[in-house]
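Heads up, protein01.csv below (CSV, C-alpha atoms):
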```
chain,number,residue,atom,x,y,z
A,1,MET,CA,124.7,118.0,102.3
A,2,SER,CA,123.5,114.6,101.2
A,3,THR,CA,123.1,113.9,97.5
A,4,THR,CA,121.0,110.8,97.9
A,5,PRO,CA,118.0,110.9,95.5
A,6,ILE,CA,114.7,111.9,97.0
A,7,TYR,CA,111.5,110.0,96.0
A,8,LEU,CA,108.3,112.0,96.7
A,9,ASP,CA,106.0,110.2,94.3
A,10,HIS,CA,104.5,107.4,96.5
A,11,ALA,CA,101.0,108.1,95.2
A,12,ALA,CA,102.3,107.0,91.8
A,13,THR,CA,103.9,103.8,93.0
A,14,THR,CA,105.8,102.4,96.0
A,15,PRO,CA,108.8,100.1,96.4
A,16,VAL,CA,108.0,96.4,96.9
A,17,ARG,CA,108.5,95.6,100.5
A,18,ASP,CA,111.2,93.0,101.5
A,19,GLU,CA,108.6,91.0,103.4
A,20,VAL,CA,106.4,90.9,100.3
A,21,MET,CA,109.2,89.7,98.2
A,22,ALA,CA,110.0,87.0,100.7
A,23,ALA,CA,106.4,85.8,100.9
A,24,MET,CA,106.1,85.6,97.1
A,25,ALA,CA,109.5,84.0,96.4
A,26,PRO,CA,108.5,80.3,96.8
A,27,PHE,CA,105.7,80.7,94.3
A,28,PHE,CA,108.2,81.7,91.6
A,29,GLY,CA,110.1,78.5,92.3
A,30,PRO,CA,109.1,75.1,93.9
A,31,ARG,CA,105.5,76.1,94.6
A,32,PHE,CA,104.7,76.9,91.0
A,33,GLY,CA,101.5,74.9,90.6
A,34,ASN,CA,98.3,76.0,88.8
A,35,PRO,CA,95.6,76.4,91.5
A,36,SER,CA,93.1,74.8,89.1
A,37,SER,CA,95.1,71.5,88.9
A,38,VAL,CA,94.0,68.6,91.0
A,39,HIS,CA,97.5,67.1,91.7
A,40,ARG,CA,99.5,68.1,94.8
A,41,TRP,CA,101.2,71.0,93.1
A,42,GLY,CA,97.8,72.4,92.2
A,43,ARG,CA,96.3,71.8,95.6
A,44,GLU,CA,99.3,73.5,97.3
A,45,ALA,CA,98.8,76.6,95.1
A,46,ARG,CA,95.0,76.5,95.7
A,47,VAL,CA,95.5,76.5,99.5
A,48,ALA,CA,97.9,79.4,99.3
A,49,LEU,CA,95.6,81.4,97.0
A,50,ASP,CA,92.6,80.7,99.3
A,51,GLU,CA,94.6,81.8,102.3
A,52,ALA,CA,95.6,85.0,100.5
A,53,ARG,CA,92.0,85.8,99.7
A,54,GLU,CA,91.0,85.1,103.3
A,55,ARG,CA,93.7,87.4,104.7
A,56,LEU,CA,92.8,90.2,102.3
A,57,ALA,CA,89.1,89.9,103.2
A,58,SER,CA,90.0,90.2,106.9
A,59,CYS,CA,91.8,93.5,106.1
A,60,LEU,CA,88.7,94.9,104.5
A,61,GLY,CA,86.1,93.5,106.9
A,62,ALA,CA,84.8,91.3,104.1
A,63,HIS,CA,83.8,87.7,103.5
A,64,THR,CA,86.3,85.6,101.6
A,65,ASP,CA,83.9,85.2,98.6
A,66,GLU,CA,83.6,89.0,98.3
A,67,ILE,CA,87.3,89.4,97.2
A,68,CYS,CA,88.1,89.3,93.5
A,69,PHE,CA,91.7,89.6,92.5
A,70,THR,CA,92.4,91.9,89.6
A,71,SER,CA,95.4,93.4,87.8
A,72,GLY,CA,95.0,96.7,89.6
A,73,GLY,CA,93.0,99.9,90.0
A,74,THR,CA,92.1,100.5,86.3
A,75,GLU,CA,90.7,97.0,85.8
A,76,GLY,CA,88.8,97.2,89.1
A,77,ASP,CA,87.2,100.5,88.3
A,78,ASN,CA,86.1,99.4,84.9
A,79,PHE,CA,84.8,96.1,86.2
A,80,ALA,CA,82.8,97.9,88.9
A,81,ILE,CA,81.2,100.6,86.7
A,82,LEU,CA,80.6,98.7,83.5
A,83,GLY,CA,79.8,95.4,85.2
A,84,ALA,CA,77.0,97.1,87.2
A,85,PHE,CA,75.7,99.1,84.3
A,86,ARG,CA,75.6,96.1,81.9
A,87,THR,CA,73.7,94.0,84.5
A,88,LEU,CA,71.2,96.6,85.5
A,89,ARG,CA,70.3,98.3,82.2
A,90,ALA,CA,67.7,95.5,81.5
A,91,GLN,CA,65.9,96.9,84.6
A,92,GLY,CA,65.9,100.4,83.2
A,93,ARG,CA,68.8,101.6,85.3
A,94,VAL,CA,71.1,103.1,82.6
A,95,ALA,CA,72.9,106.0,84.3
A,96,ALA,CA,76.3,106.2,85.9
A,97,VAL,CA,76.9,109.0,88.4
A,98,THR,CA,80.4,110.2,89.2
A,99,THR,CA,82.5,113.3,89.9
A,100,PRO,CA,84.7,115.3,87.6
A,101,ILE,CA,87.8,114.7,89.8
A,102,GLU,CA,87.9,110.9,89.6
A,103,HIS,CA,90.8,108.9,88.2
A,104,LYS,CA,90.6,108.7,84.4
A,105,ALA,CA,89.8,104.9,84.8
A,106,VAL,CA,86.4,105.9,86.4
A,107,LEU,CA,85.7,108.8,84.0
A,108,ALA,CA,86.5,106.7,80.9
A,109,ALA,CA,84.3,103.9,82.2
A,110,ALA,CA,81.4,106.3,82.8
A,111,HIS,CA,81.9,107.7,79.3
A,112,GLN,CA,81.8,104.1,78.0
A,113,VAL,CA,78.4,103.8,79.7
A,114,ALA,CA,77.2,106.6,77.5
A,115,ILE,CA,78.7,105.1,74.4
A,116,GLU,CA,76.8,101.9,75.1
A,117,GLY,CA,73.5,103.8,75.3
A,118,GLY,CA,73.4,104.8,78.9
A,119,GLU,CA,74.0,108.2,80.5
A,120,GLU,CA,76.9,109.7,82.5
A,121,ARG,CA,76.0,112.2,85.1
A,122,ILE,CA,78.7,114.4,86.7
A,123,VAL,CA,78.4,115.7,90.3
A,124,ARG,CA,79.8,119.2,91.0
A,125,VAL,CA,82.6,119.7,93.5
A,126,ASP,CA,83.5,122.9,95.4
A,127,GLU,CA,86.7,124.9,95.2
A,128,CYS,CA,88.3,122.5,97.7
A,129,GLY,CA,87.4,119.4,95.7
A,130,VAL,CA,84.6,118.2,98.0
A,131,VAL,CA,81.5,116.6,96.4
A,132,ASP,CA,78.4,118.7,96.4
A,133,SER,CA,76.1,116.3,98.4
A,134,ALA,CA,72.9,118.2,97.4
A,135,HIS,CA,73.8,117.9,93.7
A,136,PHE,CA,74.7,114.2,94.3
A,137,ASP,CA,71.2,113.6,95.7
A,138,ALA,CA,69.6,115.5,92.8
A,139,LEU,CA,71.3,113.2,90.3
A,140,LEU,CA,70.2,110.0,92.0
A,141,ASP,CA,66.9,108.6,90.7
A,142,GLN,CA,65.4,105.3,89.6
A,143,SER,CA,67.4,105.3,86.4
A,144,VAL,CA,70.8,105.2,88.1
A,145,ALA,CA,72.7,101.9,87.9
A,146,VAL,CA,75.9,102.9,89.7
A,147,ALA,CA,77.4,105.8,91.5
A,148,SER,CA,81.2,106.0,91.9
A,149,VAL,CA,83.1,108.5,94.1
A,150,MET,CA,86.8,108.2,94.9
A,151,TRP,CA,87.5,108.0,98.6
A,152,VAL,CA,90.9,109.8,98.6
A,153,ASN,CA,91.7,111.8,95.6
A,154,ASN,CA,94.9,110.7,93.9
A,155,GLU,CA,96.0,114.3,92.9
A,156,ILE,CA,95.0,116.5,95.8
A,157,GLY,CA,94.5,114.0,98.7
A,158,VAL,CA,91.0,115.3,99.6
A,159,VAL,CA,88.9,112.7,101.5
A,160,GLN,CA,85.3,112.4,100.6
A,161,ASP,CA,82.5,111.4,103.0
A,162,VAL,CA,82.1,108.0,101.4
A,163,PRO,CA,80.0,106.5,104.2
A,164,ALA,CA,77.3,109.2,103.8
A,165,LEU,CA,77.5,109.1,100.0
A,166,ALA,CA,77.2,105.4,99.9
A,167,ALA,CA,74.2,105.5,102.1
A,168,ARG,CA,72.5,108.0,99.9
A,169,ALA,CA,73.2,106.0,96.8
A,170,LYS,CA,71.9,102.8,98.4
A,171,ALA,CA,68.7,104.6,99.5
A,172,ALA,CA,68.1,105.5,95.8
A,173,GLY,CA,68.6,101.8,94.8
A,174,ALA,CA,71.9,102.4,93.0
A,175,VAL,CA,75.1,100.3,93.3
A,176,PHE,CA,77.8,102.3,95.0
A,177,HIS,CA,81.5,102.0,94.1
A,178,THR,CA,84.5,103.8,95.5
A,179,ASP,CA,88.0,103.9,94.2
A,180,GLY,CA,90.0,103.1,97.3
A,181,VAL,CA,93.4,103.0,95.7
A,182,GLN,CA,94.8,106.0,97.6
A,183,ALA,CA,92.6,105.3,100.6
A,184,PHE,CA,93.7,101.9,101.7
A,185,GLY,CA,95.9,102.2,104.8
A,186,LYS,CA,95.2,105.9,105.0
A,187,VAL,CA,91.5,106.0,106.2
A,188,ASP,CA,89.4,103.5,108.0
A,189,ILE,CA,88.0,101.0,105.5
A,190,ASP,CA,85.6,98.4,106.9
A,191,ALA,CA,82.9,96.8,104.8
A,192,ARG,CA,81.0,96.0,108.0
A,193,LYS,CA,80.6,99.7,108.8
A,194,THR,CA,80.3,101.4,105.4
A,195,PRO,CA,77.7,100.4,102.9
A,196,PHE,CA,79.7,100.5,99.7
A,197,ASP,CA,79.0,97.7,97.3
A,198,LEU,CA,82.2,97.8,95.4
A,199,LEU,CA,85.7,98.9,96.4
A,200,THR,CA,88.9,99.0,94.3
A,201,ILE,CA,92.4,98.6,95.7
A,202,SER,CA,95.8,98.4,94.0
A,203,GLY,CA,98.9,96.6,95.3
A,204,HIS,CA,101.6,98.8,94.0
A,205,LYS,CA,100.4,101.7,96.1
A,206,ILE,CA,101.1,99.8,99.4
A,207,GLY,CA,104.3,97.9,98.8
A,208,ALA,CA,103.1,95.0,96.6
A,209,PRO,CA,104.1,94.5,93.0
A,210,LYS,CA,102.5,96.3,90.0
A,211,GLY,CA,99.9,94.2,88.3
A,212,ILE,CA,97.9,93.0,91.2
A,213,GLY,CA,94.8,94.5,92.9
A,214,ALA,CA,91.4,93.5,94.1
A,215,LEU,CA,87.8,94.4,93.8
A,216,PHE,CA,85.6,94.0,96.8
A,217,ILE,CA,82.2,92.8,95.6
A,218,ARG,CA,79.5,92.7,98.3
A,219,ARG,CA,77.4,89.6,98.2
A,220,ASP,CA,74.4,89.8,95.9
A,221,THR,CA,75.8,92.9,94.0
A,222,PRO,CA,74.8,92.6,90.4
A,223,LEU,CA,78.0,92.6,88.3
A,224,GLU,CA,78.5,91.2,84.8
A,225,PRO,CA,82.0,89.8,84.3
A,226,MET,CA,84.5,91.7,82.0
A,227,PHE,CA,86.1,88.5,80.8
A,228,HIS,CA,84.8,85.1,79.7
A,229,GLY,CA,86.3,81.7,79.3
A,230,GLY,CA,86.8,80.0,82.6
A,231,SER,CA,85.3,79.3,86.1
A,232,GLN,CA,88.1,80.9,88.2
A,233,ASP,CA,87.0,83.3,90.9
A,234,ARG,CA,83.4,82.0,90.6
A,235,GLY,CA,83.3,83.0,87.0
A,236,ARG,CA,83.8,86.7,87.8
A,237,ARG,CA,87.3,86.9,86.5
A,238,PRO,CA,88.3,83.8,84.5
A,239,GLY,CA,91.9,82.9,83.8
A,240,THR,CA,94.7,81.3,85.7
A,241,GLU,CA,95.2,83.2,89.0
A,242,ASN,CA,98.4,85.0,89.8
A,243,VAL,CA,99.1,83.2,93.0
A,244,ALA,CA,102.4,84.8,93.9
A,245,PHE,CA,101.1,88.4,93.5
A,246,ALA,CA,97.9,87.6,95.4
A,247,ILE,CA,100.0,86.5,98.3
A,248,GLY,CA,102.1,89.6,97.9
A,249,LEU,CA,99.0,91.8,98.0
A,250,ALA,CA,97.7,90.1,101.1
A,251,THR,CA,101.0,90.4,102.9
A,252,ALA,CA,101.4,94.1,102.0
A,253,ALA,CA,97.8,94.8,103.1
A,254,GLU,CA,98.4,93.2,106.5
A,255,LEU,CA,101.6,95.1,107.0
A,256,THR,CA,100.0,98.4,105.9
A,257,LEU,CA,97.1,98.1,108.4
A,258,ALA,CA,99.4,97.0,111.2
A,259,GLU,CA,101.5,100.2,110.8
A,260,HIS,CA,98.6,102.5,110.0
A,261,GLU,CA,98.4,104.6,113.1
A,262,ALA,CA,102.2,105.1,113.5
A,263,GLU,CA,102.6,105.8,109.7
A,264,HIS,CA,99.7,108.2,109.6
A,265,ALA,CA,101.2,110.3,112.4
A,266,ARG,CA,104.7,110.2,110.8
A,267,LEU,CA,103.4,111.2,107.3
A,268,LEU,CA,101.2,113.9,108.8
A,269,ALA,CA,104.1,115.4,110.6
A,270,LEU,CA,106.2,115.4,107.4
A,271,ARG,CA,103.3,117.0,105.5
A,272,HIS,CA,102.8,119.7,108.1
A,273,ALA,CA,106.6,120.4,108.2
A,274,PHE,CA,106.7,120.7,104.4
A,275,GLU,CA,103.7,123.0,104.1
A,276,GLN,CA,104.7,125.3,106.9
A,277,GLY,CA,108.3,125.4,105.6
A,278,LEU,CA,107.3,126.2,102.1
A,279,ARG,CA,104.9,128.9,103.2
A,280,ALA,CA,107.6,130.5,105.2
A,281,ARG,CA,109.9,130.5,102.2
A,282,ILE,CA,107.2,131.3,99.5
A,283,PRO,CA,104.3,133.1,101.2
A,284,ASP,CA,102.1,133.1,98.1
A,285,VAL,CA,102.2,129.4,97.6
A,286,VAL,CA,98.8,127.8,97.0
A,287,PHE,CA,98.0,124.4,98.5
A,288,HIS,CA,95.1,122.8,96.6
A,289,GLY,CA,92.3,121.3,98.7
A,290,GLU,CA,93.7,122.9,101.8
A,291,GLY,CA,90.3,123.8,103.2
A,292,ALA,CA,89.1,120.2,103.2
A,293,THR,CA,90.0,117.0,105.0
A,294,ARG,CA,93.1,115.5,103.3
A,295,ALA,CA,95.0,112.3,103.6
A,296,ALA,CA,98.4,112.7,105.2
A,297,HIS,CA,100.5,111.5,102.3
A,298,ILE,CA,99.6,113.9,99.5
A,299,VAL,CA,100.4,117.6,98.9
A,300,ASN,CA,99.3,119.4,95.8
A,301,LEU,CA,100.7,122.9,95.4
A,302,SER,CA,101.2,125.7,92.9
A,303,ILE,CA,103.9,128.5,93.0
A,304,PRO,CA,102.5,131.4,91.1
A,305,GLY,CA,104.8,132.5,88.3
A,306,THR,CA,106.2,129.1,87.6
A,307,SER,CA,105.2,126.1,85.5
A,308,SER,CA,105.0,122.5,86.7
A,309,GLU,CA,106.9,121.2,83.6
A,310,SER,CA,110.0,123.4,84.2
A,311,LEU,CA,110.0,122.8,88.0
A,312,LEU,CA,109.6,119.0,87.5
A,313,MET,CA,112.6,118.9,85.2
A,314,ALA,CA,114.7,121.1,87.4
A,315,LEU,CA,113.8,119.1,90.5
A,316,ASP,CA,114.7,115.9,88.7
A,317,LEU,CA,118.1,117.3,87.8
A,318,ARG,CA,118.6,117.8,91.5
A,319,GLY,CA,117.6,114.2,92.2
A,320,ILE,CA,114.1,115.0,93.5
A,321,ALA,CA,111.2,113.0,92.1
A,322,CYS,CA,107.6,114.3,92.2
A,323,SER,CA,104.8,114.7,89.7
A,324,ALA,CA,102.3,117.1,88.2
A,325,GLY,CA,99.4,114.9,89.0
A,326,SER,CA,98.3,111.4,88.2
A,327,ALA,CA,101.0,109.1,86.9
A,328,CYS,CA,98.6,107.9,84.3
A,329,GLN,CA,98.7,111.4,82.8
A,330,SER,CA,102.5,111.6,82.5
A,331,GLY,CA,103.7,113.5,79.4
A,332,SER,CA,100.7,115.9,79.6
A,333,VAL,CA,101.4,119.6,80.1
A,334,SER,CA,97.8,120.7,80.2
A,335,ALA,CA,96.1,121.7,83.4
A,336,SER,CA,94.9,118.8,85.6
A,337,HIS,CA,91.2,117.9,85.1
A,338,VAL,CA,90.9,117.8,88.9
A,339,LEU,CA,92.1,121.4,89.3
A,340,THR,CA,90.0,122.5,86.4
A,341,ALA,CA,86.9,121.0,88.0
A,342,MET,CA,87.8,123.0,91.1
A,343,HIS,CA,87.8,126.2,89.1
A,344,VAL,CA,91.5,126.8,89.7
A,345,PRO,CA,92.7,129.5,87.3
A,346,SER,CA,94.7,128.1,84.4
A,347,ASP,CA,98.0,129.9,85.3
A,348,ILE,CA,97.8,128.4,88.8
A,349,ALA,CA,96.7,124.9,87.6
A,350,THR,CA,99.6,124.6,85.1
A,351,ALA,CA,102.0,125.4,87.9
A,352,ALA,CA,100.8,122.5,90.1
A,353,LEU,CA,103.1,119.9,91.6
A,354,ARG,CA,102.1,116.8,93.5
A,355,LEU,CA,104.4,115.5,96.3
A,356,SER,CA,103.4,112.3,98.0
A,357,PHE,CA,105.2,110.9,101.1
A,358,GLY,CA,105.7,107.3,102.0
A,359,ALA,CA,108.2,104.7,103.1
A,360,LEU,CA,111.2,106.5,101.6
A,361,SER,CA,110.3,109.9,103.1
A,362,THR,CA,112.3,111.5,105.9
A,363,PRO,CA,112.6,114.9,107.6
A,364,GLU,CA,115.9,115.4,105.6
A,365,CYS,CA,114.0,114.8,102.4
A,366,VAL,CA,111.6,117.5,103.4
A,367,GLU,CA,114.3,120.1,104.2
A,368,ARG,CA,116.3,119.4,101.0
A,369,THR,CA,113.1,119.7,98.9
A,370,LEU,CA,112.1,122.9,100.6
A,371,ASP,CA,115.5,124.5,99.9
A,372,ALA,CA,115.4,123.3,96.3
A,373,LEU,CA,111.9,124.6,95.6
A,374,ALA,CA,112.7,128.0,97.2
A,375,THR,CA,115.8,128.3,95.0
A,376,LEU,CA,114.1,127.2,91.8
A,377,ALA,CA,111.0,129.4,92.4
A,378,GLU,CA,113.2,132.4,92.9
A,379,LYS,CA,115.0,131.8,89.7
A,380,ALA,CA,111.8,131.1,87.8
A,381,ARG,CA,110.2,134.3,89.0
A,382,ALA,CA,113.2,136.6,88.7
A,383,PRO,CA,112.7,139.5,86.3
A,384,LYS,CA,113.9,138.7,82.9
A,385,VAL,CA,116.7,141.0,81.5
A,386,GLN,CA,115.5,143.0,78.5
A,387,PHE,CA,118.0,143.8,75.8
A,388,ALA,CA,117.6,146.8,73.6
A,389,VAL,CA,118.1,146.5,69.9
A,390,VAL,CA,120.6,149.2,68.7
A,391,ASP,CA,120.5,150.3,65.1
A,392,PHE,CA,124.0,151.1,63.9
```
This structure in structure tokens:
Amino acid sequence: MSTTPIYLDHAATTPVRDEVMAAMAPFFGPRFGNPSSVHRWGREARVALDEARERLASCLGAHTDEICFTSGGTEGDNFAILGAFRTLRAQGRVAAVTTPIEHKAVLAAAHQVAIEGGEERIVRVDECGVVDSAHFDALLDQSVAVASVMWVNNEIGVVQDVPALAARAKAAGAVFHTDGVQAFGKVDIDARKTPFDLLTISGHKIGAPKGIGALFIRRDTPLEPMFHGGSQDRGRRPGTENVAFAIGLATAAELTLAEHEAEHARLLALRHAFEQGLRARIPDVVFHGEGATRAAHIVNLSIPGTSSESLLMALDLRGIACSAGSACQSGSVSASHVLTAMHVPSDIATAALRLSFGALSTPECVERTLDALATLAEKARAPKVQFAVVDF
């Protein structure tokens, strides 16, 4: 039996691809220029940056001027929600509508809207984590500045009907944002087909480095900049651009889309094998979001009678890496806010594990993980021996 470590946490981060490293390398060396400089080093960097923006725009069905490079998902989510709110509040649009199962970056930004005098409105979700569209409609009125719904949930993998929700928000006159961090390369994203105004992506989820992402900003979308102090990126995000990482993001995005169909089929087969295998070994296992459409790469499960904290530690000792939910919540032993919003009982929610498949996942990884989980669950759920106290 192989003892090679198993990485099943691709929703947290992915290894940087060799092709991405190769594309970035010259910009850490001889092509080091500042793209705002007018000499040849600067011009060379500017051309490379503009090409990266154009390549990424093509991946999203966007115009080049609709791409704003960011440091990642958290910055993009905050920029979208707070930028739209701060621009539109002068017109009386002061509310932000979102769901209780968003990434904490979205939820915290919506809360900041309330701190700044606006209103946060939370849409209900059902027991599978699907947005209640009727409640969404009921919360949309002329006072809503921005609505934000994550396309693919980062903890349970549930796919929301973003095209329909975006159309509803637009009809109400609100700006619509979607966190597409887990969706890029997993679902069809095309700005020409879907009327979202703002879309967040993050590089390190698709084989690019940590610290680079992008926000799609549809033309004429009102958005106040988060930062001030320069004219870079049309004044939307001042500061010297990270040329090397922008090139890395564009390269990773192109590779991800080129492999999308084959990789989707491969990951879906791995997920099905894992779920069927675990249910055969542990019949009462609970798969969260199972009744909804889910992305191929994420499985969220609970084994009744266990705890996620102890299972994670035991799996790690066996060389198997997974998580209890969002990587941004590491260290937390409380129930996931996503599962709580889905009304999952607390004893089941605190037993949840998230396994996410990706480039490093193989059928052998699945089999070894199934065997480990079955063994660990049996030990965790075994009756505890009771010792009687004898009085001599």
Which residue of A:Met313, A:Val243, A:Ile122, A:Ala382 approaches Phe28 in chain A most closely, using only C-alpha atoms: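 Checking each of A:Met313, A:Val243, A:Ile122, A:Ala382 against Phe28 in chain A, counting only C-alpha atoms, the winner is A:Val243.
Closest approach to Gln182 in chain A from the set A:Leu198, A:Ile298, A:Val38, A:Val123 is made by A:Ile298, with distances taken over all atoms listed in the file.
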Rank A:Phe196, A:Phe176, A:Phe136, A:Trp151 by their smallest atom-to-atom distance to Arg294 in chain A, using only C-alpha atoms, and report the top residue only.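 Between A:Phe196, A:Phe176, A:Phe136, A:Trp151, the residue approaching Arg294 in chain A most closely is A:Trp151.
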When distances are computed from all atoms listed in the file, which of A:Arg234, A:His272, A:His103, A:Arg124 shows the smallest separation from Asn154 in chain A? A:His103
Skip Glu120 in chain A itself and residues of its chain fewer than 4 positions away, then list as a PyMOL selection string all residues within 6 Å of it, counting only C-alpha atoms. chain A and resi 95-97+110+114
Using all atoms listed in the file, find each residue of range 158-229 of chain A with at least one atom at most 12 Å away from an atom of range 343-361 of chain A; report its shortest atom-to-atom pair and that distance in Å (one decimal), sort the rows by chain and rising residue number, and return the result as a Markdown table.
```
| residue | atom | partner | partner_atom | distance |
| --- | --- | --- | --- | --- |
| A:Gln182 | CA | A:Ser356 | CA | 10.7 |
| A:Gly185 | CA | A:Gly358 | CA | 11.4 |
| A:Lys186 | CA | A:Gly358 | CA | 11.0 |
| A:Lys205 | CA | A:Gly358 | CA | 9.7 |
| A:Ile206 | CA | A:Gly358 | CA | 9.2 |
| A:Gly207 | CA | A:Ala359 | CA | 8.9 |
```
Output of the above residues as a CSV table (one decimal), in the frame of the given file, restricted to C-alpha atoms:
```
chain,number,residue,atom,x,y,z
A,182,GLN,CA,94.8,106.0,97.6
A,185,GLY,CA,95.9,102.2,104.8
A,186,LYS,CA,95.2,105.9,105.0
A,205,LYS,CA,100.4,101.7,96.1
A,206,ILE,CA,101.1,99.8,99.4
A,207,GLY,CA,104.3,97.9,98.8
```
Protein/DNA/RNA residues near (79.1, 101.4, 80.3), cut 8 Å, all atoms listed in the file, as a VMD selection string: chain A and resid 81 to 83 85 to 86 96 109 to 118
Mind checking which residues fall within 7 Å of Val158 in chain A, counting all atoms listed in the file, ignoring those fewer than 5 positions away in the same chain, and posting them as JSON, numbers by chain? {"A": [129, 152, 153, 289, 292, 293, 294, 295]}
Would you mind exporting range 116-130 of chain A with C-alpha atoms, as a PDB file, in the first residue's frame?
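What landed in selection_28.pdb:
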```
ATOM      1  CA  GLU A 116     -21.863  52.567   7.234  1.00  0.00           C
ATOM      2  CA  GLY A 117     -25.570  53.315   7.526  1.00  0.00           C
ATOM      3  CA  GLY A 118     -26.995  50.927   4.953  1.00  0.00           C
ATOM      4  CA  GLU A 119     -28.879  47.671   5.375  1.00  0.00           C
ATOM      5  CA  GLU A 120     -27.914  44.032   4.953  1.00  0.00           C
ATOM      6  CA  ARG A 121     -30.677  41.683   3.840  1.00  0.00           C
ATOM      7  CA  ILE A 122     -30.204  37.918   4.003  1.00  0.00           C
ATOM      8  CA  VAL A 123     -32.001  35.553   1.633  1.00  0.00           C
ATOM      9  CA  ARG A 124     -33.163  32.194   2.931  1.00  0.00           C
ATOM     10  CA  VAL A 125     -31.774  28.934   1.569  1.00  0.00           C
ATOM     11  CA  ASP A 126     -33.374  25.500   1.722  1.00  0.00           C
ATOM     12  CA  GLU A 127     -32.045  22.346   3.392  1.00  0.00           C
ATOM     13  CA  CYS A 128     -29.862  21.650   0.336  1.00  0.00           C
ATOM     14  CA  GLY A 129     -28.351  25.139   0.331  1.00  0.00           C
ATOM     15  CA  VAL A 130     -30.307  26.424  -2.686  1.00  0.00           C
TER      16      VAL A 130
END
```
